$ cat entry-v1.cif   # mmCIF, C-alpha atoms and all ligand atoms
data_input
#
loop_
_atom_site.group_PDB
_atom_site.id
_atom_site.type_symbol
_atom_site.label_atom_id
_atom_site.label_comp_id
_atom_site.auth_asym_id
_atom_site.auth_seq_id
_atom_site.Cartn_x
_atom_site.Cartn_y
_atom_site.Cartn_z
ATOM 1 C CA MET H 100 -188.123 -40.290 97.819
ATOM 2 C CA ARG H 101 -188.209 -37.131 95.735
ATOM 3 C CA ARG H 102 -186.175 -37.813 92.624
ATOM 4 C CA ILE H 103 -184.598 -34.612 91.315
ATOM 5 C CA LEU H 104 -182.507 -33.853 88.230
ATOM 6 C CA ILE H 105 -180.550 -30.581 88.138
ATOM 7 C CA THR H 106 -178.608 -29.388 85.091
ATOM 8 C CA GLY H 107 -175.399 -27.360 85.352
ATOM 9 C CA SER H 108 -174.941 -28.525 88.936
ATOM 10 C CA ASN H 109 -171.137 -28.366 89.206
ATOM 11 C CA ARG H 110 -171.018 -24.715 90.310
ATOM 12 C CA GLY H 111 -173.090 -21.668 91.162
ATOM 13 C CA ILE H 112 -176.817 -21.963 91.794
ATOM 14 C CA GLY H 113 -176.996 -25.563 90.554
ATOM 15 C CA LEU H 114 -174.379 -26.742 93.047
ATOM 16 C CA GLU H 115 -176.070 -24.825 95.872
ATOM 17 C CA LEU H 116 -179.368 -26.558 95.004
ATOM 18 C CA VAL H 117 -177.701 -29.991 95.033
ATOM 19 C CA GLU H 118 -176.050 -29.359 98.409
ATOM 20 C CA ARG H 119 -179.228 -28.049 99.998
ATOM 21 C CA TYR H 120 -181.583 -30.698 98.591
ATOM 22 C CA LEU H 121 -179.172 -33.410 99.764
ATOM 23 C CA LYS H 122 -179.596 -32.143 103.314
ATOM 24 C CA GLN H 123 -183.227 -33.276 103.052
ATOM 25 C CA ASP H 124 -183.268 -37.029 103.714
ATOM 26 C CA ASP H 125 -186.149 -37.742 101.332
ATOM 27 C CA THR H 126 -184.309 -36.661 98.166
ATOM 28 C CA PHE H 127 -182.444 -38.605 95.505
ATOM 29 C CA ILE H 128 -180.405 -36.266 93.323
ATOM 30 C CA PHE H 129 -179.217 -36.703 89.771
ATOM 31 C CA ALA H 130 -176.551 -34.010 89.641
ATOM 32 C CA SER H 131 -175.638 -33.366 86.038
ATOM 33 C CA CYS H 132 -172.777 -31.435 84.493
ATOM 34 C CA ARG H 133 -170.638 -31.373 81.362
ATOM 35 C CA HIS H 134 -167.356 -32.607 82.847
ATOM 36 C CA ILE H 135 -167.745 -34.972 85.802
ATOM 37 C CA SER H 136 -164.000 -35.488 86.231
ATOM 38 C CA GLU H 137 -163.519 -31.745 86.829
ATOM 39 C CA ALA H 138 -166.464 -31.377 89.223
ATOM 40 C CA SER H 139 -164.546 -31.825 92.477
ATOM 41 C CA THR H 140 -167.311 -30.742 94.889
ATOM 42 C CA LEU H 141 -169.865 -32.955 93.154
ATOM 43 C CA ASN H 142 -167.474 -35.921 93.360
ATOM 44 C CA THR H 143 -167.039 -35.318 97.091
ATOM 45 C CA LEU H 144 -170.835 -35.152 97.539
ATOM 46 C CA ALA H 145 -171.240 -38.354 95.530
ATOM 47 C CA LEU H 146 -168.965 -40.136 98.031
ATOM 48 C CA GLN H 147 -170.550 -38.515 101.070
ATOM 49 C CA TYR H 148 -174.140 -39.258 99.976
ATOM 50 C CA ALA H 149 -173.464 -42.400 97.948
ATOM 51 C CA GLU H 150 -177.006 -43.725 98.587
ATOM 52 C CA ARG H 151 -178.769 -40.605 97.347
ATOM 53 C CA VAL H 152 -176.746 -38.945 94.617
ATOM 54 C CA ARG H 153 -175.725 -39.928 91.112
ATOM 55 C CA LEU H 154 -173.502 -37.891 88.838
ATOM 56 C CA VAL H 155 -174.766 -37.641 85.277
ATOM 57 C CA GLN H 156 -172.731 -36.401 82.306
ATOM 58 C CA LEU H 157 -174.938 -33.935 80.442
ATOM 59 C CA ASP H 158 -174.108 -31.231 77.935
ATOM 60 C CA VAL H 159 -177.511 -29.639 77.520
ATOM 61 C CA THR H 160 -176.828 -28.578 73.929
ATOM 62 C CA LYS H 161 -175.991 -32.080 72.648
ATOM 63 C CA GLN H 162 -178.898 -34.382 71.811
ATOM 64 C CA GLN H 163 -176.742 -37.505 72.180
ATOM 65 C CA SER H 164 -175.711 -36.391 75.645
ATOM 66 C CA ILE H 165 -179.361 -35.744 76.583
ATOM 67 C CA ASP H 166 -180.390 -39.180 75.257
ATOM 68 C CA GLU H 167 -177.590 -40.894 77.201
ATOM 69 C CA ALA H 168 -178.618 -39.056 80.368
ATOM 70 C CA VAL H 169 -182.222 -40.241 79.912
ATOM 71 C CA GLU H 170 -180.953 -43.802 79.502
ATOM 72 C CA GLN H 171 -178.740 -43.623 82.596
ATOM 73 C CA ILE H 172 -181.477 -42.131 84.769
ATOM 74 C CA SER H 173 -184.157 -44.506 83.445
ATOM 75 C CA ARG H 174 -181.991 -47.451 84.520
ATOM 76 C CA GLU H 175 -182.187 -46.144 88.113
ATOM 77 C CA VAL H 176 -185.705 -44.728 88.481
ATOM 78 C CA ASP H 177 -189.107 -44.924 86.801
ATOM 79 C CA GLY H 178 -190.057 -41.294 87.419
ATOM 80 C CA LEU H 179 -188.831 -37.851 88.424
ATOM 81 C CA GLU H 180 -190.489 -35.513 90.911
ATOM 82 C CA MET H 181 -188.456 -32.533 89.735
ATOM 83 C CA LEU H 182 -186.331 -31.350 86.833
ATOM 84 C CA VAL H 183 -184.447 -28.075 87.204
ATOM 85 C CA ASN H 184 -183.325 -26.575 83.899
ATOM 86 C CA ASN H 185 -180.608 -24.526 85.587
ATOM 87 C CA ALA H 186 -177.691 -24.561 83.116
ATOM 88 C CA GLY H 187 -177.326 -21.191 81.455
ATOM 89 C CA ILE H 188 -174.780 -18.830 79.955
ATOM 90 C CA LEU H 189 -174.222 -15.096 79.922
ATOM 91 C CA PRO H 190 -170.985 -14.519 77.986
ATOM 92 C CA GLY H 191 -168.606 -12.516 80.184
ATOM 93 C CA GLY H 192 -171.031 -12.613 83.108
ATOM 94 C CA VAL H 193 -173.113 -9.689 84.363
ATOM 95 C CA ALA H 194 -170.122 -7.423 84.807
ATOM 96 C CA SER H 195 -168.515 -7.514 81.387
ATOM 97 C CA VAL H 196 -170.376 -6.986 78.160
ATOM 98 C CA VAL H 197 -169.123 -9.274 75.398
ATOM 99 C CA PRO H 198 -170.025 -7.153 72.356
ATOM 100 C CA ASN H 199 -170.794 -9.861 69.785
ATOM 101 C CA ALA H 200 -173.412 -11.456 72.075
ATOM 102 C CA ALA H 201 -174.569 -8.391 73.962
ATOM 103 C CA LYS H 202 -174.206 -5.017 72.333
ATOM 104 C CA PHE H 203 -176.229 -3.548 69.481
ATOM 105 C CA GLY H 204 -173.915 -2.549 66.642
ATOM 106 C CA PHE H 205 -171.491 -5.402 67.396
ATOM 107 C CA LEU H 206 -173.815 -8.413 67.480
ATOM 108 C CA GLU H 207 -172.900 -11.585 65.574
ATOM 109 C CA ALA H 208 -175.411 -14.315 64.836
ATOM 110 C CA GLU H 209 -173.178 -17.209 65.886
ATOM 111 C CA ALA H 210 -172.436 -15.742 69.304
ATOM 112 C CA MET H 211 -176.139 -15.082 69.838
ATOM 113 C CA GLU H 212 -177.118 -18.546 68.617
ATOM 114 C CA GLU H 213 -174.928 -20.180 71.257
ATOM 115 C CA VAL H 214 -176.690 -18.239 74.024
ATOM 116 C CA PHE H 215 -180.101 -19.191 72.633
ATOM 117 C CA ARG H 216 -179.005 -22.811 72.264
ATOM 118 C CA VAL H 217 -178.102 -23.125 75.962
ATOM 119 C CA ASN H 218 -180.695 -20.828 77.559
ATOM 120 C CA ALA H 219 -183.811 -21.391 75.473
ATOM 121 C CA ILE H 220 -183.546 -24.391 73.147
ATOM 122 C CA ALA H 221 -181.830 -26.828 75.515
ATOM 123 C CA PRO H 222 -184.531 -26.525 78.221
ATOM 124 C CA ILE H 223 -187.194 -27.523 75.655
ATOM 125 C CA MET H 224 -185.165 -30.474 74.366
ATOM 126 C CA ILE H 225 -184.511 -31.630 77.924
ATOM 127 C CA ALA H 226 -188.178 -31.244 78.902
ATOM 128 C CA GLN H 227 -189.116 -33.263 75.819
ATOM 129 C CA ALA H 228 -186.574 -36.006 76.476
ATOM 130 C CA PHE H 229 -187.478 -36.336 80.163
ATOM 131 C CA SER H 230 -191.242 -35.904 79.686
ATOM 132 C CA SER H 231 -192.067 -39.593 80.265
ATOM 133 C CA LEU H 232 -190.126 -39.674 83.531
ATOM 134 C CA LEU H 233 -191.714 -36.403 84.677
ATOM 135 C CA ARG H 234 -195.212 -37.628 83.828
ATOM 136 C CA LYS H 235 -194.592 -40.686 86.012
ATOM 137 C CA GLY H 236 -193.352 -38.581 88.943
ATOM 138 C CA THR H 237 -195.563 -37.771 91.915
ATOM 139 C CA SER H 238 -196.710 -34.142 91.875
ATOM 140 C CA ALA H 239 -193.829 -33.460 89.500
ATOM 141 C CA ARG H 240 -192.487 -30.008 88.727
ATOM 142 C CA LEU H 241 -190.347 -28.587 85.938
ATOM 143 C CA ILE H 242 -188.403 -25.513 87.010
ATOM 144 C CA ASN H 243 -186.907 -23.251 84.355
ATOM 145 C CA MET H 244 -184.227 -21.015 85.873
ATOM 146 C CA THR H 245 -184.914 -17.777 84.100
ATOM 147 C CA SER H 246 -184.014 -14.154 84.864
ATOM 148 C CA ASP H 247 -185.860 -10.912 85.408
ATOM 149 C CA ALA H 248 -183.595 -9.743 82.572
ATOM 150 C CA GLY H 249 -185.978 -11.730 80.360
ATOM 151 C CA SER H 250 -189.008 -9.722 81.465
ATOM 152 C CA ILE H 251 -190.179 -7.601 78.542
ATOM 153 C CA GLU H 252 -192.244 -5.403 80.829
ATOM 154 C CA MET H 253 -189.352 -4.718 83.241
ATOM 155 C CA THR H 254 -186.865 -3.886 80.483
ATOM 156 C CA GLN H 255 -185.953 -0.185 80.483
ATOM 157 C CA SER H 256 -182.541 -0.318 78.824
ATOM 158 C CA ALA H 257 -180.902 -2.433 76.161
ATOM 159 C CA TYR H 258 -177.902 -4.527 77.180
ATOM 160 C CA HIS H 259 -176.970 -8.211 77.012
ATOM 161 C CA TYR H 260 -179.183 -8.620 73.938
ATOM 162 C CA SER H 261 -178.846 -12.368 73.510
ATOM 163 C CA TYR H 262 -179.153 -13.188 77.225
ATOM 164 C CA LYS H 263 -182.263 -11.067 77.699
ATOM 165 C CA ALA H 264 -183.920 -12.319 74.526
ATOM 166 C CA SER H 265 -183.069 -15.953 75.295
ATOM 167 C CA LYS H 266 -184.588 -15.707 78.775
ATOM 168 C CA ALA H 267 -187.701 -14.047 77.340
ATOM 169 C CA ALA H 268 -187.893 -17.026 74.964
ATOM 170 C CA LEU H 269 -187.424 -19.404 77.901
ATOM 171 C CA ASN H 270 -190.348 -17.723 79.652
ATOM 172 C CA MET H 271 -192.530 -18.429 76.648
ATOM 173 C CA VAL H 272 -191.258 -22.014 76.673
ATOM 174 C CA SER H 273 -192.358 -22.334 80.308
ATOM 175 C CA ARG H 274 -195.808 -21.074 79.464
ATOM 176 C CA CYS H 275 -196.145 -23.437 76.487
ATOM 177 C CA LEU H 276 -194.821 -26.439 78.417
ATOM 178 C CA SER H 277 -197.264 -25.724 81.239
ATOM 179 C CA THR H 278 -200.121 -26.310 78.813
ATOM 180 C CA ASP H 279 -198.610 -29.519 77.387
ATOM 181 C CA PHE H 280 -197.960 -30.953 80.862
ATOM 182 C CA ARG H 281 -201.166 -29.751 82.559
ATOM 183 C CA ALA H 282 -203.209 -32.874 81.882
ATOM 184 C CA ASP H 283 -200.459 -34.991 83.471
ATOM 185 C CA GLY H 284 -200.332 -32.864 86.610
ATOM 186 C CA VAL H 285 -196.770 -31.625 85.997
ATOM 187 C CA ILE H 286 -196.252 -28.060 87.268
ATOM 188 C CA VAL H 287 -194.074 -25.850 85.048
ATOM 189 C CA VAL H 288 -192.770 -22.434 86.124
ATOM 190 C CA SER H 289 -190.080 -19.865 85.353
ATOM 191 C CA ILE H 290 -188.178 -18.650 88.430
ATOM 192 C CA HIS H 291 -185.756 -15.734 88.744
ATOM 193 C CA PRO H 292 -183.187 -16.621 91.418
ATOM 194 C CA GLY H 293 -182.191 -13.023 92.187
ATOM 195 C CA TRP H 294 -178.884 -11.369 91.399
ATOM 196 C CA ILE H 295 -176.546 -13.870 92.992
ATOM 197 C CA GLN H 296 -172.806 -13.994 93.561
ATOM 198 C CA THR H 297 -171.753 -16.755 91.192
ATOM 199 C CA ASP H 298 -169.374 -16.796 88.224
ATOM 200 C CA MET H 299 -172.257 -15.389 86.187
ATOM 201 C CA GLY H 300 -173.591 -12.902 88.727
ATOM 202 C CA GLY H 301 -170.116 -11.637 89.663
ATOM 203 C CA PRO H 302 -168.781 -10.441 93.026
ATOM 204 C CA HIS H 303 -170.950 -7.304 93.119
ATOM 205 C CA ALA H 304 -174.244 -9.185 92.988
ATOM 206 C CA THR H 305 -176.620 -8.164 95.762
ATOM 207 C CA ARG H 306 -176.944 -11.609 97.373
ATOM 208 C CA THR H 307 -175.047 -14.816 98.037
ATOM 209 C CA PRO H 308 -176.570 -18.151 97.028
ATOM 210 C CA ALA H 309 -177.097 -18.903 100.736
ATOM 211 C CA GLU H 310 -179.264 -15.806 101.094
ATOM 212 C CA THR H 311 -181.793 -16.690 98.416
ATOM 213 C CA ILE H 312 -181.672 -20.386 97.532
ATOM 214 C CA PRO H 313 -183.420 -21.638 100.713
ATOM 215 C CA SER H 314 -186.301 -19.188 100.081
ATOM 216 C CA MET H 315 -186.445 -20.195 96.424
ATOM 217 C CA MET H 316 -186.573 -23.876 97.418
ATOM 218 C CA LYS H 317 -189.538 -23.155 99.714
ATOM 219 C CA VAL H 318 -191.304 -21.467 96.808
ATOM 220 C CA ILE H 319 -190.524 -24.409 94.501
ATOM 221 C CA ASP H 320 -191.612 -26.998 97.056
ATOM 222 C CA GLY H 321 -194.848 -25.123 97.763
ATOM 223 C CA LEU H 322 -195.959 -24.849 94.123
ATOM 224 C CA THR H 323 -199.388 -26.152 93.196
ATOM 225 C CA MET H 324 -201.063 -26.748 89.847
ATOM 226 C CA ALA H 325 -202.618 -23.264 90.144
ATOM 227 C CA ASP H 326 -199.093 -21.802 89.848
ATOM 228 C CA SER H 327 -198.249 -23.650 86.639
ATOM 229 C CA GLY H 328 -197.405 -21.394 83.694
ATOM 230 C CA LYS H 329 -196.365 -18.475 85.935
ATOM 231 C CA PHE H 330 -193.183 -16.415 86.370
ATOM 232 C CA PHE H 331 -191.912 -15.997 89.937
ATOM 233 C CA ASN H 332 -189.218 -14.129 91.798
ATOM 234 C CA TRP H 333 -187.046 -16.207 94.202
ATOM 235 C CA ASP H 334 -189.174 -15.007 97.135
ATOM 236 C CA GLY H 335 -192.421 -16.126 95.531
ATOM 237 C CA LYS H 336 -193.594 -12.740 94.248
ATOM 238 C CA PRO H 337 -195.069 -12.891 90.739
ATOM 239 C CA LEU H 338 -193.003 -11.136 88.060
ATOM 240 C CA PRO H 339 -194.414 -9.466 84.936
ATOM 241 C CA TRP H 340 -193.727 -11.173 81.636
HETATM 242 N N1 LIG H 401 -176.281 -15.527 89.113
HETATM 243 C C1 LIG H 401 -177.265 -14.689 88.836
HETATM 244 O O1 LIG H 401 -177.251 -13.522 89.285
HETATM 245 C C2 LIG H 401 -178.461 -15.129 87.999
HETATM 246 C C3 LIG H 401 -179.512 -14.212 87.838
HETATM 247 C C4 LIG H 401 -180.607 -14.597 87.092
HETATM 248 C C5 LIG H 401 -180.655 -15.851 86.516
HETATM 249 N N2 LIG H 401 -179.615 -16.725 86.680
HETATM 250 C C6 LIG H 401 -179.717 -18.039 86.032
HETATM 251 O O2 LIG H 401 -179.431 -19.079 86.945
HETATM 252 C C7 LIG H 401 -178.838 -20.193 86.262
HETATM 253 C C8 LIG H 401 -177.526 -20.576 86.958
HETATM 254 O O3 LIG H 401 -176.688 -19.440 86.925
HETATM 255 P P1 LIG H 401 -175.346 -19.322 87.801
HETATM 256 O O4 LIG H 401 -175.304 -17.940 88.320
HETATM 257 O O5 LIG H 401 -175.223 -20.479 88.718
HETATM 258 O O6 LIG H 401 -174.275 -19.411 86.609
HETATM 259 P P2 LIG H 401 -172.791 -20.020 86.596
HETATM 260 O O7 LIG H 401 -172.196 -19.917 87.933
HETATM 261 O O8 LIG H 401 -172.127 -19.361 85.453
HETATM 262 O O9 LIG H 401 -173.051 -21.568 86.265
HETATM 263 C C9 LIG H 401 -173.617 -21.924 85.044
HETATM 264 C C10 LIG H 401 -173.782 -23.420 85.008
HETATM 265 O O10 LIG H 401 -174.360 -23.757 83.733
HETATM 266 C C11 LIG H 401 -173.563 -24.800 83.182
HETATM 267 N N3 LIG H 401 -173.603 -24.863 81.728
HETATM 268 C C12 LIG H 401 -173.347 -23.909 80.825
HETATM 269 N N4 LIG H 401 -173.445 -24.390 79.576
HETATM 270 C C13 LIG H 401 -173.762 -25.706 79.703
HETATM 271 C C14 LIG H 401 -173.984 -26.757 78.791
HETATM 272 N N5 LIG H 401 -173.910 -26.591 77.465
HETATM 273 N N6 LIG H 401 -174.313 -27.981 79.288
HETATM 274 C C15 LIG H 401 -174.393 -28.190 80.611
HETATM 275 N N7 LIG H 401 -174.177 -27.242 81.528
HETATM 276 C C16 LIG H 401 -173.859 -26.008 81.067
HETATM 277 C C17 LIG H 401 -172.155 -24.503 83.667
HETATM 278 O O11 LIG H 401 -171.328 -25.649 83.499
HETATM 279 P P3 LIG H 401 -169.742 -25.533 83.123
HETATM 280 O O12 LIG H 401 -169.020 -25.371 84.430
HETATM 281 O O13 LIG H 401 -169.458 -26.809 82.427
HETATM 282 O O14 LIG H 401 -169.584 -24.322 82.244
HETATM 283 C C18 LIG H 401 -172.455 -24.168 85.124
HETATM 284 O O15 LIG H 401 -172.647 -25.328 85.872
HETATM 285 C C19 LIG H 401 -178.631 -19.741 84.813
HETATM 286 O O16 LIG H 401 -179.677 -20.234 84.012
HETATM 287 C C20 LIG H 401 -178.710 -18.230 84.909
HETATM 288 O O17 LIG H 401 -179.128 -17.629 83.708
HETATM 289 C C21 LIG H 401 -178.506 -16.386 87.403
#
$ encode --input "entry-v1.cif" --output "structure tokens" --more "lines below"
Ligand SMILES: NC(=O)c1ccc[n+]([C@@H]2O[C@H](COP(=O)([O-])OP(=O)(O)OC[C@H]3O[C@@H](n4cnc5c(N)ncnc54)[C@H](OP(=O)(O)O)[C@@H]3O)[C@@H](O)[C@H]2O)c1
Amino acid sequence: MRRILITGSNRGIGLELVERYLKQDDTFIFASCRHISEASTLNTLALQYAERVRLVQLDVTKQQSIDEAVEQISREVDGLEMLVNNAGILPGGVASVVPNAAKFGFLEAEAMEEVFRVNAIAPIMIAQAFSSLLRKGTSARLINMTSDAGSIEMTQSAYHYSYKASKAALNMVSRCLSTDFRADGVIVVSIHPGWIQTDMGGPHATRTPAETIPSMMKVIDGLTMADSGKFFNWDGKPLPW
């Protein structure tokens, strides 16, 4: 069984990953989200796949919540084959610029801190808390859901300041974690899922989750240790830092 933990799995890309991995018989999914009682699709999946899915309450910004999630998952399994740091925020989504988090001249530290807390700090704290389980997994992989908006080299215009900077920070986190996990054989990468029609991506995004997630899963499943510490597009092409 491949034991997989996905954060922010109640909607968008996280939910698509849960649904698609559950279609593979050899997976056991820990589907985490902030508010289980409001996650209607996840609750339906938990009934449908009762043998292979567990719902886990996890607010990625709260250390107590992370610790409780580790405890819950450790009661069920002694290792994880995959952890997907998927939860992320972009205030207002792609379409609307929320000035205090996005626009130079209007930025406010608190609004920016919240974006950094979710997108860059939480993935490190989660990697740290789940490191023992990952190290005990077979050919384990840690996937940080980043964005090409975090690529310094690809950036030609300034917008969404906190989102872009937080994803650039997450990319550095991936690189650092890849060195800390290398000796244990845990693969760590940053992956850009494409511009996808979700609450964050908005209705004008170029692709639906169904159009890119299966390809991204093939890339994730095909990763080897030689890929660790790299930054990939959803179709497997390398992206510049
Ligand atoms: N969609 C795109 O075009 C696109 C492009 C590049 C990168 N990405 C990245 O892909 C990932 C998923 O994006 P998406 O499009 O699926 O976004 P989404 O539809 O807005 O979903 C975001 C998810 O993150 C969760 N989340 C936010 N804050 C959280 C917290 N403190 N604790 C736990 N969960 C939290 C949300 O849970 P709640 O329902 O509780 O808020 C939700 O499940 C993000 O990291 C995003 O940056 C997306």
$ residues_around --input "entry-v1.cif" --residues "Arg101 in chain H" --least-positions-apart "3" --cutoff "7 Å" --atoms "all atoms listed in the file" --output "ChimeraX atom specification"
/H:125-127,180
$ resolve_selection --input "entry-v1.cif" --expression "the PyMOL selection byres (((chain H and resi 293) around 12) and not hetatm)" --output "count of residues only"
33
$ atom_distance --input "entry-v1.cif" --atom1 "atom C3 of ligand LIG 401 (chain H)" --atom2 "CA of Glu252 in chain H"
17.0 Å
$ resolve_selection --input "entry-v1.cif" --expression "the PyMOL selection byres (((chain H and resi 161) around 12) and not hetatm)" --output "list of chain:residue names"
H:Arg133, H:Gln156, H:Leu157, H:Asp158, H:Val159, H:Thr160, H:Gln162, H:Gln163, H:Ser164, H:Ile165, H:Asp166, H:Glu167, H:Ala168, H:Arg216, H:Val217, H:Ile220, H:Ala221, H:Pro222, H:Met224, H:Ile225, H:Ala228
$ write_last_selection --input "entry-v1.cif" --atoms "C-alpha atoms" --output "PDB file, in the frame of the given file"
ATOM      1  CA  ARG H 133    -170.638 -31.373  81.362  1.00  0.00           C
ATOM      2  CA  GLN H 156    -172.731 -36.401  82.306  1.00  0.00           C
ATOM      3  CA  LEU H 157    -174.938 -33.935  80.442  1.00  0.00           C
ATOM      4  CA  ASP H 158    -174.108 -31.231  77.935  1.00  0.00           C
ATOM      5  CA  VAL H 159    -177.511 -29.639  77.520  1.00  0.00           C
ATOM      6  CA  THR H 160    -176.828 -28.578  73.929  1.00  0.00           C
ATOM      7  CA  GLN H 162    -178.898 -34.382  71.811  1.00  0.00           C
ATOM      8  CA  GLN H 163    -176.742 -37.505  72.180  1.00  0.00           C
ATOM      9  CA  SER H 164    -175.711 -36.391  75.645  1.00  0.00           C
ATOM     10  CA  ILE H 165    -179.361 -35.744  76.583  1.00  0.00           C
ATOM     11  CA  ASP H 166    -180.390 -39.180  75.257  1.00  0.00           C
ATOM     12  CA  GLU H 167    -177.590 -40.894  77.201  1.00  0.00           C
ATOM     13  CA  ALA H 168    -178.618 -39.056  80.368  1.00  0.00           C
ATOM     14  CA  ARG H 216    -179.005 -22.811  72.264  1.00  0.00           C
ATOM     15  CA  VAL H 217    -178.102 -23.125  75.962  1.00  0.00           C
ATOM     16  CA  ILE H 220    -183.546 -24.391  73.147  1.00  0.00           C
ATOM     17  CA  ALA H 221    -181.830 -26.828  75.515  1.00  0.00           C
ATOM     18  CA  PRO H 222    -184.531 -26.525  78.221  1.00  0.00           C
ATOM     19  CA  MET H 224    -185.165 -30.474  74.366  1.00  0.00           C
ATOM     20  CA  ILE H 225    -184.511 -31.630  77.924  1.00  0.00           C
ATOM     21  CA  ALA H 228    -186.574 -36.006  76.476  1.00  0.00           C
TER      22      ALA H 228
END
$ closest_residue --input "entry-v1.cif" --among "H:Glu170, H:Glu137, H:Glu175, H:Asp124" --to "ligand LIG 401 (chain H)" --atoms "all atoms listed in the file"
H:Glu137
$ resolve_selection --input "entry-v1.cif" --expression "the PyMOL selection byres (((chain H and resi 186) around 7) and not hetatm)" --output "PyMOL selection string"
chain H and resi 106-107+184-185+187
$ axis_aligned_box --input "entry-v1.cif" --around "range 317-332 of chain H" --padding-each-side "6 Å" --output "JSON"
{"center_x": -195.9, "center_y": -20.6, "center_z": 91.7, "size_x": 25.4, "size_y": 24.9, "size_z": 28.0}
$ closest_atom_pairs --input "entry-v1.cif" --of "range 158-245 of chain H" --to "range 256-259 of chain H" --cutoff "8 Å" --atoms "all atoms listed in the file" --output "Markdown table"
| residue | atom | partner | partner_atom | distance |
| --- | --- | --- | --- | --- |
| H:Leu189 | CA | H:His259 | CA | 8.0 |
| H:Val196 | CA | H:His259 | CA | 6.8 |
| H:Ala200 | CA | H:His259 | CA | 6.9 |
| H:Ala201 | CA | H:His259 | CA | 3.9 |
| H:Lys202 | CA | H:Tyr258 | CA | 6.1 |
| H:Phe203 | CA | H:Tyr258 | CA | 7.9 |
$ atom_distance --input "entry-v1.cif" --atom1 "atom O1 of ligand LIG 401 (chain H)" --atom2 "CA of Arg240 in chain H"
22.5 Å
$ closest_residue --input "entry-v1.cif" --among "H:Gly284, H:Gly204, H:Pro302, H:Pro339" --to "ligand LIG 401 (chain H)" --atoms "only C-alpha atoms and all ligand atoms"
H:Pro302
$ atom_distance --input "entry-v1.cif" --atom1 "CA of Leu146 in chain H" --atom2 "CA of Leu233 in chain H"
26.6 Å
$ closest_residue --input "entry-v1.cif" --among "H:Leu322, H:Ala208, H:Ala267, H:Val155" --to "Asn109 in chain H" --atoms "all atoms listed in the file"
H:Val155
$ closest_residue --input "entry-v1.cif" --among "H:Ser108, H:Thr254, H:Ser327, H:Thr237" --to "Asn142 in chain H" --atoms "all atoms listed in the file"
H:Ser108
$ residues_around --input "entry-v1.cif" --residues "Lys263 in chain H" --least-positions-apart "3" --cutoff "6 Å" --atoms "all atoms listed in the file" --output "ChimeraX atom specification"
/H:248-249,260,266
$ closest_residue --input "entry-v1.cif" --among "H:Ser277, H:Ser230, H:Ser289, H:Gln123" --to "ligand LIG 401 (chain H)" --atoms "all atoms listed in the file"
H:Ser289
$ decode --input "entry-v1.cif" --residues "range 280-292 of chain H" --atoms "N, CA and C atoms" --output "PDB file, in the first residue's frame"
ATOM      1  N   PHE H 280      16.874  15.337   3.508  1.00  0.00           N
ATOM      2  CA  PHE H 280      16.238  14.016   3.375  1.00  0.00           C
ATOM      3  C   PHE H 280      17.034  13.055   2.478  1.00  0.00           C
ATOM      4  N   ARG H 281      18.071  13.562   1.806  1.00  0.00           N
ATOM      5  CA  ARG H 281      18.745  12.730   0.794  1.00  0.00           C
ATOM      6  C   ARG H 281      19.269  11.419   1.368  1.00  0.00           C
ATOM      7  N   ALA H 282      19.916  11.501   2.521  1.00  0.00           N
ATOM      8  CA  ALA H 282      20.520  10.293   3.094  1.00  0.00           C
ATOM      9  C   ALA H 282      19.475   9.238   3.424  1.00  0.00           C
ATOM     10  N   ASP H 283      18.220   9.669   3.631  1.00  0.00           N
ATOM     11  CA  ASP H 283      17.159   8.711   3.976  1.00  0.00           C
ATOM     12  C   ASP H 283      16.400   8.247   2.741  1.00  0.00           C
ATOM     13  N   GLY H 284      16.815   8.715   1.570  1.00  0.00           N
ATOM     14  CA  GLY H 284      16.170   8.262   0.340  1.00  0.00           C
ATOM     15  C   GLY H 284      14.811   8.891   0.086  1.00  0.00           C
ATOM     16  N   VAL H 285      14.510  10.014   0.754  1.00  0.00           N
ATOM     17  CA  VAL H 285      13.228  10.694   0.522  1.00  0.00           C
ATOM     18  C   VAL H 285      13.425  11.743  -0.579  1.00  0.00           C
ATOM     19  N   ILE H 286      12.617  11.627  -1.636  1.00  0.00           N
ATOM     20  CA  ILE H 286      12.708  12.563  -2.769  1.00  0.00           C
ATOM     21  C   ILE H 286      11.882  13.804  -2.439  1.00  0.00           C
ATOM     22  N   VAL H 287      12.457  14.981  -2.668  1.00  0.00           N
ATOM     23  CA  VAL H 287      11.733  16.234  -2.409  1.00  0.00           C
ATOM     24  C   VAL H 287      11.757  17.088  -3.679  1.00  0.00           C
ATOM     25  N   VAL H 288      10.578  17.500  -4.141  1.00  0.00           N
ATOM     26  CA  VAL H 288      10.536  18.382  -5.321  1.00  0.00           C
ATOM     27  C   VAL H 288       9.494  19.484  -5.130  1.00  0.00           C
ATOM     28  N   SER H 289       9.641  20.537  -5.931  1.00  0.00           N
ATOM     29  CA  SER H 289       8.612  21.559  -6.121  1.00  0.00           C
ATOM     30  C   SER H 289       7.952  21.262  -7.462  1.00  0.00           C
ATOM     31  N   ILE H 290       6.601  21.300  -7.485  1.00  0.00           N
ATOM     32  CA  ILE H 290       5.894  21.095  -8.759  1.00  0.00           C
ATOM     33  C   ILE H 290       4.885  22.217  -8.970  1.00  0.00           C
ATOM     34  N   HIS H 291       4.876  22.746 -10.187  1.00  0.00           N
ATOM     35  CA  HIS H 291       3.873  23.741 -10.597  1.00  0.00           C
ATOM     36  C   HIS H 291       2.747  22.981 -11.309  1.00  0.00           C
ATOM     37  N   PRO H 292       1.517  23.094 -10.790  1.00  0.00           N
ATOM     38  CA  PRO H 292       0.436  22.278 -11.361  1.00  0.00           C
ATOM     39  C   PRO H 292      -0.183  22.832 -12.639  1.00  0.00           C
TER      40      PRO H 292
END
